[in-house]
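Q: The following file, final-v1.pdb, comprises PDB, C-alpha atoms and all ligand atoms:
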MODEL        1
ATOM      1  CA  MET A  16       0.000   0.000   0.000  1.00  0.00           C
ATOM      2  CA  LEU A  17       3.029   2.321   0.098  1.00  0.00           C
ATOM      3  CA  PRO A  18       2.254   3.768  -3.374  1.00  0.00           C
ATOM      4  CA  ALA A  19      -1.116   4.839  -1.906  1.00  0.00           C
ATOM      5  CA  TYR A  20       0.235   6.091   1.424  1.00  0.00           C
ATOM      6  CA  LEU A  21       3.175   8.189   0.233  1.00  0.00           C
ATOM      7  CA  PRO A  22       1.462  10.708  -2.121  1.00  0.00           C
ATOM      8  CA  ASN A  23      -0.380  12.609   0.627  1.00  0.00           C
ATOM      9  CA  PRO A  24       2.634  13.319   2.891  1.00  0.00           C
ATOM     10  CA  VAL A  25       4.695  14.272  -0.179  1.00  0.00           C
ATOM     11  CA  ALA A  26       1.936  16.634  -1.329  1.00  0.00           C
ATOM     12  CA  ALA A  27       1.878  18.173   2.160  1.00  0.00           C
ATOM     13  CA  LEU A  28       5.679  18.593   2.127  1.00  0.00           C
ATOM     14  CA  PHE A  29       6.165  19.868  -1.419  1.00  0.00           C
ATOM     15  CA  GLY A  30       2.711  21.002  -2.578  1.00  0.00           C
ATOM     16  CA  GLY A  31       1.596  24.587  -2.969  1.00  0.00           C
ATOM     17  CA  GLY A  32       1.221  27.099  -5.767  1.00  0.00           C
ATOM     18  CA  THR A  33      -1.663  27.128  -8.211  1.00  0.00           C
ATOM     19  CA  PRO A  34      -4.725  25.362  -6.818  1.00  0.00           C
ATOM     20  CA  VAL A  35      -6.345  22.733  -9.054  1.00  0.00           C
ATOM     21  CA  ASP A  36      -9.595  24.726  -9.137  1.00  0.00           C
ATOM     22  CA  GLY A  37      -7.714  27.890 -10.140  1.00  0.00           C
ATOM     23  CA  GLY A  38      -9.382  29.714  -7.245  1.00  0.00           C
ATOM     24  CA  ARG A  39     -12.813  29.249  -8.810  1.00  0.00           C
ATOM     25  CA  ASN A  40     -16.079  28.675  -6.973  1.00  0.00           C
ATOM     26  CA  PHE A  41     -18.704  26.002  -7.559  1.00  0.00           C
ATOM     27  CA  SER A  42     -22.349  26.903  -8.253  1.00  0.00           C
ATOM     28  CA  ASP A  43     -22.982  27.021  -4.482  1.00  0.00           C
ATOM     29  CA  GLY A  44     -20.570  29.951  -4.185  1.00  0.00           C
ATOM     30  CA  LYS A  45     -17.979  27.907  -2.301  1.00  0.00           C
ATOM     31  CA  ARG A  46     -14.620  26.810  -3.679  1.00  0.00           C
ATOM     32  CA  ILE A  47     -14.597  23.752  -5.941  1.00  0.00           C
ATOM     33  CA  PHE A  48     -11.676  22.081  -4.100  1.00  0.00           C
ATOM     34  CA  GLY A  49      -9.974  24.860  -2.119  1.00  0.00           C
ATOM     35  CA  ASP A  50      -6.398  26.086  -1.754  1.00  0.00           C
ATOM     36  CA  GLY A  51      -5.279  22.804  -0.162  1.00  0.00           C
ATOM     37  CA  LYS A  52      -5.406  20.953  -3.509  1.00  0.00           C
ATOM     38  CA  THR A  53      -2.642  22.109  -5.834  1.00  0.00           C
ATOM     39  CA  PHE A  54      -1.192  20.906  -9.144  1.00  0.00           C
ATOM     40  CA  ARG A  55       2.269  20.633  -7.619  1.00  0.00           C
ATOM     41  CA  GLY A  56       0.978  18.488  -4.748  1.00  0.00           C
ATOM     42  CA  LEU A  57      -0.923  16.260  -7.165  1.00  0.00           C
ATOM     43  CA  PHE A  58       1.991  15.880  -9.568  1.00  0.00           C
ATOM     44  CA  LEU A  59       4.804  15.378  -7.036  1.00  0.00           C
ATOM     45  CA  GLY A  60       2.643  13.176  -4.810  1.00  0.00           C
ATOM     46  CA  ILE A  61       1.720  10.807  -7.654  1.00  0.00           C
ATOM     47  CA  LEU A  62       5.323  10.772  -8.860  1.00  0.00           C
ATOM     48  CA  ALA A  63       6.529   9.845  -5.355  1.00  0.00           C
ATOM     49  CA  GLY A  64       3.930   7.070  -5.072  1.00  0.00           C
ATOM     50  CA  ILE A  65       5.004   5.611  -8.427  1.00  0.00           C
ATOM     51  CA  GLY A  66       8.655   5.996  -7.394  1.00  0.00           C
ATOM     52  CA  ILE A  67       8.258   4.044  -4.166  1.00  0.00           C
ATOM     53  CA  GLY A  68       6.249   1.420  -6.063  1.00  0.00           C
ATOM     54  CA  LEU A  69       9.021   0.990  -8.637  1.00  0.00           C
ATOM     55  CA  LEU A  70      11.486   0.636  -5.765  1.00  0.00           C
ATOM     56  CA  GLN A  71       9.264  -2.092  -4.274  1.00  0.00           C
ATOM     57  CA  ILE A  72       9.164  -3.882  -7.647  1.00  0.00           C
ATOM     58  CA  TRP A  73      12.944  -3.674  -7.902  1.00  0.00           C
ATOM     59  CA  LEU A  74      13.454  -4.837  -4.297  1.00  0.00           C
ATOM     60  CA  SER A  75      11.155  -7.828  -4.671  1.00  0.00           C
ATOM     61  CA  GLY A  76      12.980  -8.796  -7.876  1.00  0.00           C
ATOM     62  CA  ALA A  77      16.406  -8.375  -6.336  1.00  0.00           C
ATOM     63  CA  TYR A  78      15.679 -10.027  -2.993  1.00  0.00           C
ATOM     64  CA  GLY A  79      12.840 -12.382  -3.882  1.00  0.00           C
ATOM     65  CA  LEU A  80      10.291 -10.966  -1.419  1.00  0.00           C
ATOM     66  CA  GLU A  81       7.633 -13.355  -2.648  1.00  0.00           C
ATOM     67  CA  ASN A  82       5.381 -12.868   0.381  1.00  0.00           C
ATOM     68  CA  PHE A  83       4.614  -9.332  -0.724  1.00  0.00           C
ATOM     69  CA  PRO A  84       1.953  -8.445  -3.284  1.00  0.00           C
ATOM     70  CA  GLU A  85       3.238  -8.457  -6.816  1.00  0.00           C
ATOM     71  CA  HIS A  86       3.262  -4.956  -8.196  1.00  0.00           C
ATOM     72  CA  THR A  87       3.447  -3.772 -11.779  1.00  0.00           C
ATOM     73  CA  PHE A  88       3.978  -0.302 -13.199  1.00  0.00           C
ATOM     74  CA  VAL A  89       0.203  -0.211 -13.770  1.00  0.00           C
ATOM     75  CA  SER A  90      -0.759  -1.231 -10.221  1.00  0.00           C
ATOM     76  CA  VAL A  91       1.537   1.288  -8.504  1.00  0.00           C
ATOM     77  CA  THR A  92       0.433   4.070 -10.868  1.00  0.00           C
ATOM     78  CA  LEU A  93      -3.220   3.300 -10.149  1.00  0.00           C
ATOM     79  CA  LEU A  94      -2.686   3.209  -6.375  1.00  0.00           C
ATOM     80  CA  ALA A  95      -0.766   6.517  -6.359  1.00  0.00           C
ATOM     81  CA  THR A  96      -3.129   8.320  -8.749  1.00  0.00           C
ATOM     82  CA  GLY A  97      -6.234   6.935  -7.070  1.00  0.00           C
ATOM     83  CA  ALA A  98      -4.984   8.060  -3.667  1.00  0.00           C
ATOM     84  CA  LEU A  99      -4.749  11.726  -4.588  1.00  0.00           C
ATOM     85  CA  PHE A 100      -7.903  11.669  -6.712  1.00  0.00           C
ATOM     86  CA  GLY A 101      -9.698  10.196  -3.715  1.00  0.00           C
ATOM     87  CA  ASP A 102      -8.313  13.059  -1.642  1.00  0.00           C
ATOM     88  CA  LEU A 103      -9.455  15.525  -4.308  1.00  0.00           C
ATOM     89  CA  CYS A 104     -12.979  14.019  -4.407  1.00  0.00           C
ATOM     90  CA  LYS A 105     -13.128  14.197  -0.615  1.00  0.00           C
ATOM     91  CA  SER A 106     -12.270  17.902  -0.706  1.00  0.00           C
ATOM     92  CA  PHE A 107     -14.972  18.512  -3.344  1.00  0.00           C
ATOM     93  CA  PHE A 108     -17.642  17.067  -1.035  1.00  0.00           C
ATOM     94  CA  LYS A 109     -16.063  18.655   2.033  1.00  0.00           C
ATOM     95  CA  ARG A 110     -16.540  22.089   0.405  1.00  0.00           C
ATOM     96  CA  ARG A 111     -20.145  21.216  -0.562  1.00  0.00           C
ATOM     97  CA  PHE A 112     -20.837  20.513   3.120  1.00  0.00           C
ATOM     98  CA  GLY A 113     -19.470  23.973   3.887  1.00  0.00           C
ATOM     99  CA  LYS A 114     -16.336  22.771   5.667  1.00  0.00           C
ATOM    100  CA  GLU A 115     -13.383  25.098   5.177  1.00  0.00           C
ATOM    101  CA  ARG A 116      -9.989  23.915   4.008  1.00  0.00           C
ATOM    102  CA  GLY A 117      -8.085  22.096   6.746  1.00  0.00           C
ATOM    103  CA  THR A 118     -11.051  21.572   9.062  1.00  0.00           C
ATOM    104  CA  LYS A 119     -11.623  18.136  10.507  1.00  0.00           C
ATOM    105  CA  TRP A 120     -13.899  15.706   8.692  1.00  0.00           C
ATOM    106  CA  PRO A 121     -13.624  12.393  10.535  1.00  0.00           C
ATOM    107  CA  VAL A 122     -13.593   9.151   8.571  1.00  0.00           C
ATOM    108  CA  ALA A 123     -13.479  10.933   5.183  1.00  0.00           C
ATOM    109  CA  ASP A 124     -10.116  12.589   5.926  1.00  0.00           C
ATOM    110  CA  GLN A 125      -8.679   9.259   7.032  1.00  0.00           C
ATOM    111  CA  TYR A 126      -9.945   6.919   4.351  1.00  0.00           C
ATOM    112  CA  ASP A 127     -10.215   9.139   1.248  1.00  0.00           C
ATOM    113  CA  PHE A 128      -6.883   8.069  -0.230  1.00  0.00           C
ATOM    114  CA  VAL A 129      -7.320   4.365   0.542  1.00  0.00           C
ATOM    115  CA  ALA A 130     -10.810   4.379  -0.968  1.00  0.00           C
ATOM    116  CA  GLY A 131      -9.589   6.264  -4.060  1.00  0.00           C
ATOM    117  CA  ALA A 132      -6.575   4.005  -4.528  1.00  0.00           C
ATOM    118  CA  LEU A 133      -8.479   0.735  -4.149  1.00  0.00           C
ATOM    119  CA  LEU A 134     -11.484   1.873  -6.212  1.00  0.00           C
ATOM    120  CA  LEU A 135      -9.392   3.119  -9.146  1.00  0.00           C
ATOM    121  CA  THR A 136      -7.341  -0.091  -9.102  1.00  0.00           C
ATOM    122  CA  LEU A 137     -10.521  -2.184  -8.896  1.00  0.00           C
ATOM    123  CA  MET A 138     -11.936  -0.375 -11.941  1.00  0.00           C
ATOM    124  CA  VAL A 139      -8.833  -0.472 -14.166  1.00  0.00           C
ATOM    125  CA  ASP A 140      -6.858  -3.501 -12.929  1.00  0.00           C
ATOM    126  CA  PRO A 141      -9.357  -5.715 -11.055  1.00  0.00           C
ATOM    127  CA  SER A 142      -7.064  -8.735 -11.301  1.00  0.00           C
ATOM    128  CA  TRP A 143      -4.576  -7.021  -8.960  1.00  0.00           C
ATOM    129  CA  ILE A 144      -7.292  -6.508  -6.339  1.00  0.00           C
ATOM    130  CA  LEU A 145      -8.548 -10.080  -6.746  1.00  0.00           C
ATOM    131  CA  ALA A 146      -5.017 -11.463  -6.419  1.00  0.00           C
ATOM    132  CA  ASN A 147      -3.941  -9.363  -3.432  1.00  0.00           C
ATOM    133  CA  MET A 148      -6.907  -8.115  -1.429  1.00  0.00           C
ATOM    134  CA  THR A 149      -7.902 -10.840   1.000  1.00  0.00           C
ATOM    135  CA  LEU A 150     -10.339 -10.055   3.804  1.00  0.00           C
ATOM    136  CA  SER A 151      -7.569 -10.057   6.412  1.00  0.00           C
ATOM    137  CA  VAL A 152      -5.412  -7.652   4.358  1.00  0.00           C
ATOM    138  CA  PHE A 153      -8.424  -5.381   3.912  1.00  0.00           C
ATOM    139  CA  ILE A 154      -9.196  -5.401   7.651  1.00  0.00           C
ATOM    140  CA  LEU A 155      -5.529  -4.691   8.425  1.00  0.00           C
ATOM    141  CA  ILE A 156      -5.671  -1.696   6.050  1.00  0.00           C
ATOM    142  CA  LEU A 157      -8.847  -0.430   7.770  1.00  0.00           C
ATOM    143  CA  ILE A 158      -7.136  -0.627  11.180  1.00  0.00           C
ATOM    144  CA  LEU A 159      -3.678   0.660  10.198  1.00  0.00           C
ATOM    145  CA  THR A 160      -4.764   3.558   7.985  1.00  0.00           C
ATOM    146  CA  PRO A 161      -6.212   5.904  10.664  1.00  0.00           C
ATOM    147  CA  VAL A 162      -3.295   5.110  12.998  1.00  0.00           C
ATOM    148  CA  LEU A 163      -0.704   5.905  10.311  1.00  0.00           C
ATOM    149  CA  HIS A 164      -2.669   8.949   9.129  1.00  0.00           C
ATOM    150  CA  ARG A 165      -2.837  10.422  12.609  1.00  0.00           C
ATOM    151  CA  THR A 166       0.818   9.659  13.419  1.00  0.00           C
ATOM    152  CA  VAL A 167       2.128  11.209  10.200  1.00  0.00           C
ATOM    153  CA  ASN A 168      -0.078  14.286  10.639  1.00  0.00           C
ATOM    154  CA  ILE A 169       1.138  14.860  14.205  1.00  0.00           C
ATOM    155  CA  ILE A 170       4.736  14.610  12.944  1.00  0.00           C
ATOM    156  CA  GLY A 171       3.838  17.007  10.105  1.00  0.00           C
ATOM    157  CA  TYR A 172       2.302  19.427  12.597  1.00  0.00           C
ATOM    158  CA  TYR A 173       5.410  19.525  14.800  1.00  0.00           C
ATOM    159  CA  LEU A 174       7.643  19.881  11.744  1.00  0.00           C
ATOM    160  CA  GLY A 175       5.563  22.918  10.804  1.00  0.00           C
ATOM    161  CA  VAL A 176       4.440  21.334   7.522  1.00  0.00           C
ATOM    162  CA  LYS A 177       0.799  21.029   8.544  1.00  0.00           C
ATOM    163  CA  GLU A 178      -1.163  23.755  10.281  1.00  0.00           C
ATOM    164  CA  VAL A 179      -3.343  21.270  12.168  1.00  0.00           C
ATOM    165  CA  PRO A 180      -2.404  17.898  13.711  1.00  0.00           C
ATOM    166  CA  TRP A 181      -5.110  15.961  11.777  1.00  0.00           C
TER
HETATM  167  N1  LIG B   1      -1.645  19.329  -0.864  1.00  0.00           N
HETATM  168  C1  LIG B   1      -1.446  19.849  -2.134  1.00  0.00           C
HETATM  169  N2  LIG B   1      -2.065  19.284  -3.207  1.00  0.00           N
HETATM  170  C2  LIG B   1      -2.858  18.176  -3.063  1.00  0.00           C
HETATM  171  C3  LIG B   1      -3.082  17.638  -1.784  1.00  0.00           C
HETATM  172  C4  LIG B   1      -2.462  18.244  -0.687  1.00  0.00           C
HETATM  173  O1  LIG B   1      -0.717  20.827  -2.301  1.00  0.00           O
HETATM  174  N3  LIG B   1      -3.430  17.633  -4.163  1.00  0.00           N
HETATM  175  C5  LIG B   1      -0.958  19.977   0.302  1.00  0.00           C
HETATM  176  C6  LIG B   1      -1.654  21.278   0.716  1.00  0.00           C
HETATM  177  O2  LIG B   1      -0.648  22.191   1.134  1.00  0.00           O
HETATM  178  C7  LIG B   1      -2.516  20.823   1.896  1.00  0.00           C
HETATM  179  C8  LIG B   1      -1.636  19.767   2.541  1.00  0.00           C
HETATM  180  O3  LIG B   1      -0.990  19.127   1.428  1.00  0.00           O
HETATM  181  O4  LIG B   1      -2.828  21.870   2.774  1.00  0.00           O
HETATM  182  C9  LIG B   1      -2.386  18.766   3.397  1.00  0.00           C
HETATM  183  O5  LIG B   1      -3.322  18.045   2.624  1.00  0.00           O
HETATM  184  P1  LIG B   1      -4.819  17.793   3.108  1.00  0.00           P
HETATM  185  O6  LIG B   1      -4.885  17.556   4.566  1.00  0.00           O
HETATM  186  O7  LIG B   1      -5.390  16.760   2.210  1.00  0.00           O
HETATM  187  O8  LIG B   1      -5.519  19.202   2.730  1.00  0.00           O
HETATM  188  P2  LIG B   1      -6.263  20.274   3.612  1.00  0.00           P
HETATM  189  O9  LIG B   1      -5.459  21.540   3.576  1.00  0.00           O
HETATM  190  O10 LIG B   1      -6.628  19.702   4.925  1.00  0.00           O
HETATM  191  O11 LIG B   1      -7.570  20.568   2.770  1.00  0.00           O
HETATM  192  P3  LIG B   1      -8.997  19.813   2.796  1.00  0.00           P
HETATM  193  O12 LIG B   1      -9.812  20.462   3.868  1.00  0.00           O
HETATM  194  O13 LIG B   1      -9.522  20.088   1.434  1.00  0.00           O
HETATM  195  O14 LIG B   1      -8.740  18.366   3.052  1.00  0.00           O
HETATM  196 MG    MG B   2      -6.920  17.832   5.719  1.00  0.00          MG
ENDMDL
END
What would you get if you wrote out this structure as structure tokens?
A:
Amino acid sequence: MLPAYLPNPVAALFGGGTPVDGGRNFSDGKRIFGDGKTFRGLFLGILAGIGIGLLQIWLSGAYGLENFPEHTFVSVTLLATGALFGDLCKSFFKRRFGKERGTKWPVADQYDFVAGALLLTLMVDPSWILANMTLSVFILILILTPVLHRTVNIIGYYLGVKEVPW
């Protein structure tokens, strides 16, 4: 799941600049996505997710880590892209519910990238999901994701990268 987990922290570290919505509002008068979703974050985050995935592919080839899920360029690209598109979709609905950028939205904030990553992969490369997503792996992801999310955000907060510790 690293290709799905890495894009968000990388976007938080290196994102910024032009927002994806170009500062425009939706028909409800609120921002489409908000200033927290930028092209640079999207681009660098996806690139980092693909990069770590390619490293995993190389490592499993070099060291024969056959207990790990078998990744391909397609699967890591889908996980990384899906993660940040999930995050983007989340922000779209977050704005529709009138929640400002950076405010807390429990559950959605924690699972947006996992949902996006797994759904995009399921749609484009279902065989990867069928081959790798057992019930126990899925339950482990559901348990680990909020713990990791919270831990990384607290670290980001103390590093001064994130304005809020969630
Ligand atoms: N970020 C970015 N581009 C993205 C996603 C994230 O530049 N596509 C950066 C932004 O600086 C953002 C930070 O990463 O503030 C943290 O991301 P996140 O918590 O997802 O955004 P929020 O600012 O909390 O905005 P939202 O309320 O829309 O979730
Ligand atoms: Mg947030």
Q: Which protein, DNA or RNA residues are at most 12 Å from (-0.5, 5.3, 9.1) in the file's coordinates when you count only C-alpha atoms, listed as a list in words?
A: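 Collected hits near the coordinates: Met16, Leu17, Ala19, Tyr20, Leu21, Asn23, Pro24, Gln125, Tyr126, Phe128, Val129, Leu155, Ile156, Leu157, Ile158, Leu159, Thr160, Pro161, Val162, Leu163, His164, Arg165, Thr166, Val167, Asn168, Ile169, Ile170 and Trp181 of chain A.
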Q: Is it possible to get the axis-aligned box enclosing range 45-52 of chain A (all listed atoms, 5 Å extra per side) as lines of an AutoDock Vina configuration file, with centre and edge lengths in Å rounded to one decimal?
A:
center_x = -11.6
center_y = 24.4
center_z = -3.1
size_x = 22.7
size_y = 17.0
size_z = 15.8
Q: Quote the spacing between CA of Leu59 in chain A and CA of Thr92 in chain A in Å to one decimal place.
A: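 Atom-to-atom, CA of Leu59 in chain A and CA of Thr92 in chain A are spaced 12.7 Å apart.
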Q: At a cut-off of 12 Å around the point (5.8, 22.0, 2.1) (file coordinates), what residues fall inside when counting all atoms listed in the file? I'd like the answer as a list of chain:residue names.
A: A:Asn23, A:Pro24, A:Val25, A:Ala26, A:Ala27, A:Leu28, A:Phe29, A:Gly30, A:Gly31, A:Gly32, A:Gly51, A:Thr53, A:Arg55, A:Gly56, A:Leu59, A:Gly60, A:Gly171, A:Tyr172, A:Leu174, A:Gly175, A:Val176, A:Lys177, A:Glu178
Q: One decimal, in Å: what's the spacing between CA of Asn147 in chain A and CA of Glu85 in chain A?
A: 8.0 Å
Q: May I have the residues within 8 Å of ligand MG 2 (chain B), computed using only C-alpha atoms and all ligand atoms, as a list of chain:residue names?
A: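 For ligand MG 2 (chain B), the residues inside 8 Å are A:Gly51, A:Arg116, A:Gly117, A:Thr118, A:Lys119, A:Trp120, A:Asp124, A:Trp181.
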Q: What separation in Å, quoted to one decimal, exists between CA of Thr33 in chain A and CA of Gly131 in chain A?
A: 22.7 Å
Q: Please identify all polymer residues within 8 Å of Val35 in chain A, counting only C-alpha atoms, omitting same-chain residues fewer than 3 positions from it, and present them as an NGL selection string.
A: :A and (38 or 48 or 52-54)
Q: Which residue, A:Gly44, A:Gly66, A:Gly76, A:Gly97, has the smallest gap to ligand LIG 1 (chain B) when you use all atoms listed in the file?
A: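 Of A:Gly44, A:Gly66, A:Gly76, A:Gly97, the one nearest ligand LIG 1 (chain B) is A:Gly97, counting all atoms listed in the file.
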Q: Which one of A:Asp127, A:Pro84, A:Leu70, A:Arg46 sits closest to Cys104 in chain A if you count all atoms listed in the file?
A: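 Of the candidates, the smallest distance to Cys104 in chain A is held by A:Asp127.
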Q: Taking only C-alpha atoms and all ligand atoms into account, which of A:Leu145, A:Ala123, A:Leu133, A:Leu99 comes nearest ligand LIG 1 (chain B)?
A: A:Leu99
Q: Between A:Arg39, A:His86, A:Arg110, A:Lys45, which one has atoms that come closest to Leu69 in chain A, using only C-alpha atoms?
A: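 Closest to Leu69 in chain A, using only C-alpha atoms: A:His86.
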